[in-house]
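The file structure-v8.cif contains mmCIF, C-alpha atoms and all ligand atoms:
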```cif
data_work
#
loop_
_atom_site.label_atom_id
_atom_site.label_comp_id
_atom_site.auth_asym_id
_atom_site.auth_seq_id
_atom_site.Cartn_x
_atom_site.Cartn_y
_atom_site.Cartn_z
CA MET A 266 92.52 102.70 80.55
CA THR A 267 88.92 102.28 81.68
CA VAL A 268 88.33 100.45 84.95
CA LEU A 269 84.94 99.14 86.00
CA VAL A 270 84.35 99.54 89.74
CA THR A 271 81.49 97.39 91.03
CA GLY A 272 80.09 98.75 94.29
CA GLY A 273 81.82 102.06 93.56
CA ALA A 274 79.14 104.09 95.35
CA GLY A 275 80.00 102.33 98.61
CA TYR A 276 82.45 103.16 101.38
CA ILE A 277 85.70 101.64 100.10
CA GLY A 278 84.63 101.83 96.45
CA SER A 279 84.10 105.60 96.49
CA HIS A 280 87.53 106.24 98.01
CA THR A 281 89.07 103.90 95.46
CA CYS A 282 87.35 105.76 92.59
CA VAL A 283 89.08 108.94 93.75
CA ALA A 284 92.45 107.19 93.94
CA LEU A 285 91.96 105.67 90.48
CA VAL A 286 91.01 108.98 88.86
CA GLU A 287 93.97 110.68 90.57
CA SER A 288 96.21 108.00 89.06
CA GLY A 289 94.93 108.70 85.56
CA TYR A 290 92.35 105.94 85.07
CA ASP A 291 88.91 106.42 83.54
CA VAL A 292 86.35 105.04 85.96
CA VAL A 293 82.95 103.49 85.39
CA VAL A 294 80.83 102.53 88.40
CA VAL A 295 78.20 99.82 88.57
CA ASP A 296 76.13 99.83 91.75
CA ASN A 297 72.56 98.86 92.63
CA LEU A 298 72.58 101.39 95.51
CA SER A 299 71.36 98.70 97.95
CA ASN A 300 73.72 100.06 100.60
CA SER A 301 74.71 103.46 99.26
CA ASP A 302 73.56 106.69 97.80
CA VAL A 303 74.21 108.14 94.37
CA THR A 304 75.31 111.39 96.01
CA MET A 305 78.51 109.54 96.92
CA VAL A 306 79.31 109.17 93.20
CA GLU A 307 78.55 112.87 92.72
CA SER A 308 80.95 113.69 95.55
CA VAL A 309 83.64 111.55 93.92
CA VAL A 310 83.20 113.56 90.71
CA GLU A 311 83.41 116.82 92.64
CA LEU A 312 86.47 115.69 94.58
CA SER A 313 88.42 114.36 91.65
CA ASP A 314 87.21 117.06 89.23
CA HIS A 315 86.70 114.41 86.58
CA SER A 316 83.61 112.78 85.14
CA ILE A 317 82.96 109.12 85.90
CA GLY A 318 80.41 106.79 84.34
CA PHE A 319 77.60 105.48 86.52
CA TYR A 320 75.22 102.59 85.84
CA GLU A 321 72.55 101.66 88.39
CA VAL A 322 72.79 97.94 87.78
CA ASP A 323 72.69 94.81 89.91
CA ILE A 324 75.72 92.66 89.17
CA CYS A 325 73.58 89.53 89.58
CA ASP A 326 71.72 90.64 86.45
CA GLU A 327 74.02 89.16 83.84
CA LYS A 328 72.20 90.72 80.90
CA ALA A 329 72.34 94.22 82.35
CA LEU A 330 76.01 93.76 83.18
CA GLU A 331 76.69 92.55 79.66
CA SER A 332 75.09 95.70 78.26
CA VAL A 333 77.37 97.86 80.42
CA PHE A 334 80.41 96.22 78.84
CA LYS A 335 78.89 96.55 75.35
CA GLU A 336 77.87 100.19 75.90
CA GLN A 337 81.39 101.07 77.07
CA SER A 338 82.91 99.41 73.99
CA SER A 339 80.50 101.18 71.66
CA GLN A 340 81.50 104.50 73.23
CA GLY A 341 85.14 103.71 72.49
CA CYS A 342 86.01 103.26 76.18
CA PRO A 343 86.09 99.48 76.60
CA ILE A 344 86.47 98.09 80.10
CA GLU A 345 89.96 96.70 80.52
CA ALA A 346 90.00 95.79 84.21
CA VAL A 347 87.51 95.35 87.04
CA VAL A 348 87.78 96.26 90.71
CA HIS A 349 85.03 94.27 92.39
CA PHE A 350 83.60 95.62 95.67
CA ALA A 351 79.87 94.94 95.20
CA ALA A 352 78.70 92.72 98.04
CA LEU A 353 76.55 92.73 101.14
CA LYS A 354 78.85 93.07 104.15
CA SER A 355 76.95 92.88 107.42
CA VAL A 356 78.08 89.89 109.48
CA SER A 357 74.98 89.98 111.71
CA GLU A 358 72.54 90.34 108.79
CA SER A 359 74.20 87.40 107.05
CA PHE A 360 73.06 85.12 109.91
CA GLU A 361 69.45 86.27 109.32
CA LYS A 362 69.63 86.08 105.50
CA PRO A 363 72.27 83.52 104.53
CA LYS A 364 70.61 82.74 101.20
CA LEU A 365 70.49 86.39 100.19
CA TYR A 366 74.16 86.78 101.08
CA HIS A 367 75.08 83.74 99.03
CA ALA A 368 72.95 84.80 96.04
CA ASN A 369 74.23 88.38 96.07
CA ASN A 370 77.90 87.89 96.89
CA VAL A 371 78.66 84.52 95.30
CA GLY A 372 76.02 84.77 92.54
CA GLY A 373 77.09 88.33 91.72
CA THR A 374 80.76 87.35 91.47
CA GLU A 375 79.88 84.38 89.28
CA ALA A 376 77.90 86.61 86.89
CA LEU A 377 80.71 89.15 86.80
CA ILE A 378 83.33 86.51 85.95
CA LYS A 379 81.14 85.18 83.13
CA VAL A 380 80.61 88.62 81.62
CA MET A 381 84.29 89.53 81.98
CA LYS A 382 85.29 86.35 80.16
CA SER A 383 82.75 86.74 77.37
CA ASN A 384 84.11 90.26 76.80
CA GLY A 385 87.76 89.22 76.95
CA VAL A 386 88.49 91.22 80.12
CA GLU A 387 91.11 89.39 82.17
CA LYS A 388 92.19 91.63 85.01
CA LEU A 389 90.32 91.52 88.33
CA VAL A 390 90.95 93.01 91.75
CA PHE A 391 88.69 91.42 94.35
CA SER A 392 87.63 92.66 97.80
CA SER A 393 88.17 89.86 100.25
CA SER A 394 88.54 90.01 103.99
CA CYS A 395 90.67 88.79 106.88
CA THR A 396 87.49 87.03 107.96
CA VAL A 397 88.58 84.15 105.67
CA TYR A 398 91.21 83.24 108.29
CA GLY A 399 88.88 82.99 111.30
CA GLN A 400 91.05 83.08 114.48
CA PRO A 401 94.48 82.17 113.11
CA GLU A 402 96.90 80.22 115.26
CA GLU A 403 99.91 82.39 114.48
CA MET A 404 100.18 86.16 114.58
CA PRO A 405 100.77 88.25 112.56
CA VAL A 406 98.81 86.31 109.97
CA ASP A 407 100.26 85.86 106.50
CA GLU A 408 98.59 84.69 103.31
CA SER A 409 99.62 81.06 103.79
CA ALA A 410 97.36 80.70 106.86
CA PRO A 411 94.61 78.19 106.13
CA PHE A 412 90.94 79.11 105.77
CA LEU A 413 89.28 77.97 108.99
CA LEU A 414 85.60 77.24 109.32
CA ALA A 415 83.89 80.51 108.36
CA GLU A 416 82.51 82.37 111.37
CA SER A 417 79.50 83.72 109.48
CA PRO A 418 77.59 83.18 106.25
CA TYR A 419 79.20 86.47 105.13
CA GLY A 420 82.68 85.02 105.74
CA GLU A 421 81.67 81.90 103.86
CA THR A 422 80.75 83.99 100.79
CA LYS A 423 84.26 85.49 100.76
CA GLN A 424 85.86 82.03 100.99
CA LYS A 425 83.64 80.77 98.17
CA CYS A 426 84.34 83.78 95.94
CA GLU A 427 88.09 83.39 96.46
CA LYS A 428 87.89 79.73 95.45
CA MET A 429 85.75 80.54 92.43
CA ILE A 430 88.12 83.30 91.29
CA SER A 431 91.10 80.96 91.74
CA LYS A 432 89.56 78.59 89.22
CA SER A 433 88.40 81.31 86.81
CA GLY A 434 91.53 81.62 84.70
CA LEU A 435 91.51 85.41 85.24
CA THR A 436 94.52 87.42 86.37
CA ALA A 437 93.31 88.32 89.83
CA ALA A 438 94.63 90.11 92.88
CA ILE A 439 92.64 88.98 95.90
CA LEU A 440 92.89 91.69 98.53
CA ARG A 441 92.21 90.58 102.10
CA TYR A 442 91.35 93.73 104.01
CA PHE A 443 91.80 93.92 107.76
CA ASN A 444 89.73 96.69 109.42
CA PRO A 445 89.26 99.74 107.15
CA ILE A 446 88.36 102.95 109.01
CA GLY A 447 88.35 106.70 108.50
CA ALA A 448 87.29 108.84 105.59
CA HIS A 449 88.72 111.12 102.93
CA SER A 450 90.49 114.06 104.56
CA SER A 451 88.15 116.48 102.69
CA ALA A 452 85.18 114.97 104.60
CA LYS A 453 83.32 114.85 101.28
CA ILE A 454 83.11 111.05 101.22
CA GLY A 455 83.01 108.47 104.00
CA GLU A 456 81.05 105.54 105.36
CA LEU A 457 77.23 105.83 105.27
CA PRO A 458 76.01 103.28 107.81
CA ILE A 459 72.33 102.46 107.41
CA GLY A 460 70.56 101.77 110.73
CA VAL A 461 72.57 100.85 113.82
CA PRO A 462 76.22 100.41 112.86
CA ASN A 463 77.79 97.05 113.69
CA ASN A 464 81.35 98.24 113.34
CA LEU A 465 83.31 99.92 116.07
CA ILE A 466 84.31 103.25 114.51
CA PRO A 467 80.95 104.33 113.01
CA PHE A 468 79.24 103.36 116.28
CA LEU A 469 81.81 105.23 118.36
CA CYS A 470 81.45 108.33 116.15
CA GLN A 471 77.67 108.27 116.51
CA VAL A 472 78.02 108.05 120.30
CA VAL A 473 80.37 111.03 120.41
CA ALA A 474 78.00 112.93 118.09
CA GLY A 475 75.26 112.36 120.67
CA LEU A 476 73.20 110.08 118.42
CA ARG A 477 73.61 107.09 120.78
CA PRO A 478 74.03 107.08 124.55
CA GLU A 479 77.26 105.12 124.95
CA LEU A 480 79.67 102.68 123.41
CA ILE A 481 79.76 99.19 124.86
CA VAL A 482 83.21 97.63 124.77
CA PHE A 483 82.47 94.03 123.90
CA GLY A 484 84.52 92.14 126.49
CA ASP A 485 87.31 93.15 128.85
CA ASP A 486 88.35 89.67 129.92
CA TYR A 487 90.08 88.44 126.77
CA PRO A 488 93.66 87.16 127.07
CA THR A 489 95.11 90.44 125.75
CA GLU A 490 97.07 93.11 127.62
CA ASP A 491 94.04 95.25 128.53
CA GLY A 492 91.41 92.52 128.12
CA SER A 493 89.77 93.96 124.99
CA CYS A 494 90.00 92.53 121.44
CA ILE A 495 92.77 93.44 119.04
CA ARG A 496 92.39 94.34 115.35
CA ASP A 497 94.50 95.86 112.57
CA TYR A 498 92.80 99.18 111.67
CA LEU A 499 93.90 100.81 108.41
CA HIS A 500 92.95 104.12 106.82
CA VAL A 501 90.45 103.70 103.97
CA CYS A 502 92.58 105.98 101.73
CA ASP A 503 95.59 103.69 102.22
CA LEU A 504 93.32 100.82 101.30
CA ALA A 505 92.13 102.70 98.21
CA ASP A 506 95.76 103.23 97.14
CA ALA A 507 96.33 99.48 97.41
CA HIS A 508 93.80 98.89 94.62
CA VAL A 509 95.73 101.18 92.30
CA ALA A 510 98.93 99.38 93.30
CA ALA A 511 97.28 96.02 92.57
CA LEU A 512 96.20 97.16 89.10
CA GLU A 513 99.70 98.42 88.37
CA ASN A 514 101.93 95.83 89.99
CA HIS A 515 100.06 92.55 90.13
CA SER A 516 101.13 90.25 87.33
CA LYS A 517 100.79 86.69 88.59
CA SER A 518 97.68 84.73 87.62
CA ILE A 519 96.08 84.60 91.08
CA ARG A 520 97.61 86.02 94.22
CA ALA A 521 96.16 86.92 97.62
CA TYR A 522 97.48 89.92 99.56
CA ASN A 523 96.90 90.93 103.17
CA LEU A 524 96.16 94.63 103.49
CA GLY A 525 96.76 95.93 106.97
CA THR A 526 99.26 98.02 108.89
CA GLY A 527 100.93 95.08 110.58
CA LYS A 528 100.04 96.55 113.97
CA GLY A 529 97.34 95.39 116.36
CA THR A 530 95.31 97.89 118.42
CA SER A 531 92.88 97.01 121.21
CA VAL A 532 89.39 98.48 121.54
CA LEU A 533 90.45 100.45 124.63
CA GLU A 534 93.48 101.78 122.76
CA VAL A 535 91.20 102.88 119.89
CA ILE A 536 89.08 104.86 122.37
CA ALA A 537 92.17 106.53 123.87
CA SER A 538 93.55 107.30 120.42
CA PHE A 539 90.21 108.79 119.28
CA GLU A 540 90.14 111.06 122.34
CA ASN A 541 93.71 112.07 121.67
CA ALA A 542 93.06 112.76 117.97
CA THR A 543 89.85 114.75 118.44
CA GLY A 544 89.87 116.14 121.97
CA GLU A 545 86.39 114.59 122.40
CA LYS A 546 85.45 112.32 125.32
CA VAL A 547 84.05 108.88 124.39
CA PRO A 548 81.25 107.78 126.75
CA PHE A 549 81.78 104.04 127.08
CA LYS A 550 81.04 101.10 129.35
CA LEU A 551 82.69 97.70 129.60
CA GLY A 552 80.22 95.02 128.58
CA PRO A 553 79.97 91.32 127.79
CA ARG A 554 81.70 89.68 124.88
CA ARG A 555 79.96 89.77 121.49
CA GLU A 556 79.20 86.32 120.16
CA GLY A 557 81.45 85.22 117.32
CA ASP A 558 84.21 87.82 117.93
CA ILE A 559 87.72 86.56 117.46
CA ILE A 560 90.20 87.65 120.15
CA SER A 561 92.93 89.20 118.10
CA ILE A 562 94.16 89.45 114.55
CA TRP A 563 96.62 91.63 112.72
CA ALA A 564 98.28 91.35 109.34
CA ASN A 565 101.67 90.50 108.06
CA PRO A 566 101.48 92.83 105.06
CA SER A 567 104.99 92.11 103.73
CA ARG A 568 103.81 90.41 100.53
CA ALA A 569 101.83 93.49 99.52
CA GLN A 570 104.86 95.63 100.35
CA ALA A 571 107.27 93.50 98.32
CA GLU A 572 105.08 92.70 95.32
CA LEU A 573 102.53 95.52 95.08
CA LYS A 574 104.94 98.17 96.40
CA TRP A 575 102.18 99.20 98.79
CA THR A 576 102.34 100.05 102.43
CA ALA A 577 99.86 101.70 104.80
CA LYS A 578 101.18 105.23 105.37
CA ARG A 579 98.57 106.95 107.53
CA THR A 580 98.38 106.56 111.30
CA ILE A 581 95.39 105.33 113.29
CA LYS A 582 95.19 108.78 114.89
CA GLU A 583 94.83 110.35 111.44
CA ALA A 584 92.17 107.80 110.48
CA LEU A 585 90.17 108.47 113.65
CA GLY A 586 90.43 112.23 113.17
CA ASP A 587 89.16 111.85 109.59
CA ALA A 588 86.33 109.54 110.74
CA TRP A 589 85.23 112.18 113.24
CA ARG A 590 85.38 115.02 110.66
CA TRP A 591 83.18 112.92 108.36
CA GLN A 592 80.72 112.18 111.19
CA LYS A 593 80.40 115.91 111.93
CA GLU A 594 79.78 116.53 108.22
CA LEU A 595 77.03 113.88 108.23
CA VAL A 596 75.32 115.42 111.25
CA SER A 597 75.39 118.86 109.66
CA LYS A 598 73.69 117.60 106.45
P1 LIG B 1 79.54 99.13 101.13
O1 LIG B 1 78.26 98.44 101.48
O2 LIG B 1 79.72 100.52 101.54
O3 LIG B 1 79.78 99.04 99.55
C1 LIG B 1 79.33 97.96 98.78
C2 LIG B 1 78.60 98.55 97.57
O4 LIG B 1 78.15 97.47 96.75
C3 LIG B 1 77.35 99.34 97.97
O5 LIG B 1 77.36 100.59 97.32
C4 LIG B 1 76.17 98.49 97.50
O6 LIG B 1 75.08 99.26 97.11
C5 LIG B 1 76.80 97.74 96.33
N1 LIG B 1 76.22 96.43 96.03
C6 LIG B 1 75.94 95.41 96.88
N2 LIG B 1 75.42 94.38 96.19
C7 LIG B 1 75.35 94.75 94.89
C8 LIG B 1 74.92 94.12 93.70
N3 LIG B 1 74.40 92.91 93.70
N4 LIG B 1 75.01 94.80 92.54
C9 LIG B 1 75.52 96.05 92.50
N5 LIG B 1 75.95 96.70 93.59
C10 LIG B 1 75.87 96.05 94.78
O7 LIG B 1 80.72 98.20 101.68
P2 LIG B 1 82.27 98.50 101.79
O8 LIG B 1 82.61 98.60 103.21
O9 LIG B 1 82.67 99.56 100.86
O10 LIG B 1 82.84 97.11 101.27
C11 LIG B 1 83.27 96.91 99.95
C12 LIG B 1 83.78 95.50 99.80
O11 LIG B 1 84.82 95.26 100.71
C13 LIG B 1 82.74 94.42 100.07
O12 LIG B 1 82.96 93.36 99.17
C14 LIG B 1 83.06 93.99 101.48
O13 LIG B 1 82.65 92.67 101.71
C15 LIG B 1 84.57 94.11 101.48
N6 LIG B 1 85.14 94.30 102.82
C16 LIG B 1 84.72 95.34 103.61
C17 LIG B 1 85.27 95.50 104.87
C18 LIG B 1 84.82 96.60 105.78
O14 LIG B 1 85.09 96.53 106.98
N7 LIG B 1 84.16 97.64 105.29
C19 LIG B 1 86.27 94.62 105.31
C20 LIG B 1 86.66 93.58 104.49
C21 LIG B 1 86.10 93.43 103.23
C1 LIG B 2 86.07 95.70 115.96
C2 LIG B 2 86.28 95.49 117.46
C3 LIG B 2 84.50 94.34 118.58
C4 LIG B 2 81.49 97.46 118.16
C5 LIG B 2 84.08 92.98 111.03
C6 LIG B 2 83.76 91.77 110.19
C7 LIG B 2 84.90 91.42 109.32
C8 LIG B 2 85.39 92.61 108.51
C9 LIG B 2 85.60 93.80 109.37
C10 LIG B 2 84.30 92.62 106.37
C11 LIG B 2 85.85 94.10 117.92
C12 LIG B 2 84.66 95.75 119.11
C13 LIG B 2 82.66 96.73 118.09
C14 LIG B 2 81.04 97.94 119.43
C15 LIG B 2 83.00 96.97 120.43
N1 LIG B 2 84.42 93.05 107.54
N2 LIG B 2 83.39 96.49 119.21
N3 LIG B 2 81.83 97.68 120.52
O1 LIG B 2 84.50 92.42 114.23
O2 LIG B 2 86.84 93.01 113.49
O3 LIG B 2 85.16 92.66 111.82
O4 LIG B 2 84.45 94.04 110.16
O5 LIG B 2 84.87 91.73 105.83
O6 LIG B 2 84.48 90.39 108.49
O7 LIG B 2 83.47 90.69 111.06
O8 LIG B 2 85.01 94.70 113.24
O9 LIG B 2 84.34 96.98 113.78
O10 LIG B 2 82.71 95.11 114.24
O11 LIG B 2 84.74 95.34 115.64
O12 LIG B 2 83.65 96.76 121.45
O13 LIG B 2 79.98 98.56 119.54
O14 LIG B 2 85.45 96.41 118.18
O15 LIG B 2 84.24 93.43 119.61
O16 LIG B 2 86.78 93.71 118.87
P1 LIG B 2 85.37 93.14 113.31
P2 LIG B 2 84.12 95.59 114.19
#
```

Mind converting the file's structure to structure tokens?
Amino acid sequence: MTVLVTGGAGYIGSHTCVALVESGYDVVVVDNLSNSDVTMVESVVELSDHSIGFYEVDICDEKALESVFKEQSSQGCPIEAVVHFAALKSVSESFEKPKLYHANNVGGTEALIKVMKSNGVEKLVFSSSCTVYGQPEEMPVDESAPFLLAESPYGETKQKCEKMISKSGLTAAILRYFNPIGAHSSAKIGELPIGVPNNLIPFLCQVVAGLRPELIVFGDDYPTEDGSCIRDYLHVCDLADAHVAALENHSKSIRAYNLGTGKGTSVLEVIASFENATGEKVPFKLGPRREGDIISIWANPSRAQAELKWTAKRTIKEALGDAWRWQKELVSK
């Protein structure tokens, strides 16, 4: 079965391509390389020892997308399912360019749905985010928690896409990721942050690699045990496996699934765990809160466990060790 992976040259997409190939799927990637490099697709091929199709196409370009579907059919490998990662993902950039985020993320998803329907492709796995929940009232958060006012234009695009997919008539698994971290244990693929990373782990790794002077812990006066924020960090390879599980086990028309470990970890605990995993010291300073940060969130992943037969298997220590190995690989390139 041929699966189209939009955004497959990106961080989570590349790891998912490996997991899909390892599970016996034929993979075709569509990516406009706006936040990635084609070498990542080459590394996926090398890692999985299997060819994958690659089209440098913007998913907002309906005509170009249509020709990908047609080309695949004419080659006798018609697309039968889509795993849809392609989106812009920077929360801070989305405040500066809300229209671009809307056009790319919502417009791109709209175009994809149209082309899927006109080609009779019904199965979709969509990358959503725990950001749709805002700061939930009850923890751990399950899928019945309401969407609160989106905290960023980026978050709003995920809420809008989810609503659009719900009305599309497709068979769709909506995967709400918590905080994906780490890299493939081979250190051949990982996250490629462009510019100054916003997210904790790539920033921390760059500090330890000597590329930045220190990590600022955004807030130590939150109402948590050690005063720093709490998140649910999961290994990107566990996340990749969840997409395979969704393709294989999701059968209901539309269903949302939380993907996390079910365990919350504070920023200070992440630092301690990184030091423990790598033997490296993390230069850090306590600083002011970052605007817009929620205090704490972690998943109740029991629906994914029961229905997708998926559970996060790797530890945070493993994920941090893999993130560090990948960072060292990047520096050596
Ligand atoms: P990423 O930026 O590494 O990957 C996204 C890929 O999509 C990139 O390769 C980019 O070039 C491509 N892309 C963007 N717009 C495109 C377009 N119009 N046409 C074709 N390709 C396009 O990001 P990621 O971390 O791998 O995230 C993948 C998905 O998961 C995104 O939808 C993101 O919103 C979602 N998500 C990510 C996180 C996270 O923390 N990384 C958390 C929750 C949800
Ligand atoms: C994690 C924790 C920071 C950097 C974002 C998006 C969300 C989702 C995941 C896509 C927070 C703290 C960070 C630093 C720090 N993405 N921190 N110093 O904020 O949970 O979520 O990524 O959907 O939508 O908002 O992730 O990695 O930015 O931060 O102290 O230099 O690390 O305050 O508590 P976040 P993050």

| task | Would you mind telling me which residue in A:Ile559, A:Val283, A:Ala505, A:Leu480 lies nearest to ligand LIG 1 (chain B) when using only C-alpha atoms and all ligand atoms? | result | A:Ala505

List as a compact mmCIF listing (two decimals) with C-alpha atoms, in the coordinates of the input the residues having at least one atom at most 7 Å from position (93.0, 101.4, 111.5) as given in the file, counting all atoms listed in the file.
```
# COMPACT_ATOMS: atom_id res chain seq x y z
CA ASN A 444 89.73 96.69 109.42
CA PRO A 445 89.26 99.74 107.15
CA ILE A 446 88.36 102.95 109.01
CA ASP A 497 94.50 95.86 112.57
CA TYR A 498 92.80 99.18 111.67
CA LEU A 499 93.90 100.81 108.41
CA HIS A 500 92.95 104.12 106.82
CA ILE A 581 95.39 105.33 113.29
CA ALA A 584 92.17 107.80 110.48
```

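Residues lying within 12 Å of Val322 in chain A, counting all atoms listed in the file and ignoring same-chain neighbours fewer than 6 positions away, are Val270, Thr271, Gly272, Gly273, Ala274, Val293, Val294, Val295, Asp296, Asn297, Leu298, Ser299, Lys328, Ala329, Leu330, Glu331, Ser332, Val333, Phe334, Ala351, Gly373 and Leu377 of chain A.
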
Centre and edges of the range 389-392 of chain A box, axis-aligned, 3 Å extra per side, as AutoDock Vina command-line options:
```
--center_x 89.3 --center_y 92.2 --center_z 93.1 --size_x 9.3 --size_y 7.6 --size_z 15.5
```

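Between atom P2 of ligand LIG 2 (chain B) and CA of Glu556 in chain A lies a distance of 12.1 Å.
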
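CA of Asp302 in chain A is positioned 7.2 Å from atom O5 of ligand LIG 1 (chain B).
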
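Take the candidates A:Asn369, A:Glu456, A:Val482, A:Ser518 and check each one against Ser433 in chain A using only C-alpha atoms; the shortest distance goes to A:Ser518.
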
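When all atoms listed in the file are used to measure the gap to ligand LIG 1 (chain B), the shortest distance among A:Phe483, A:Phe443, A:Trp575, A:Phe412 belongs to A:Phe443.
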
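Here the question is which of A:Val596, A:Leu353, A:Ala521, A:Met429 gets nearest to ligand LIG 2 (chain B) using all atoms listed in the file, and that residue is A:Leu353.
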
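Closest approach to ligand LIG 1 (chain B) among A:Leu457, A:Glu287, A:Glu387, A:Glu336: A:Leu457, based on all atoms listed in the file.
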
| In terms of the shortest atom-to-atom distance over only C-alpha atoms, which of A:Thr281, A:Ser516, A:Ser538, A:Asn463 is closest to Val309 in chain A? | A:Thr281

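Atom pair CA of Val268 in chain A / CA of Asn300 in chain A has a distance of 21.4 Å (rounded to one decimal).
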
| said: Could you list, as an MDAnalysis selection string, every residue within 12 Å of Leu440 in chain A, counting only C-alpha atoms and ignoring same-chain residues fewer than 2 positions away? | reply: chainID A and resid 348:350 389:397 408 423 426:427 437:438 442:443 504:512 515 519:525 566 568:569 573 575

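Within 10 Å of Asp291 in chain A, once only C-alpha atoms are used and residues closer than 3 positions along the same chain are dropped, the contacting residues are A:Met266, A:Thr267, A:Val268, A:Leu269, A:Cys282, A:Leu285, A:Val286, A:Glu287, A:Ser288, A:His315, A:Ser316, A:Ile317, A:Gly318, A:Cys342, A:Ile344.
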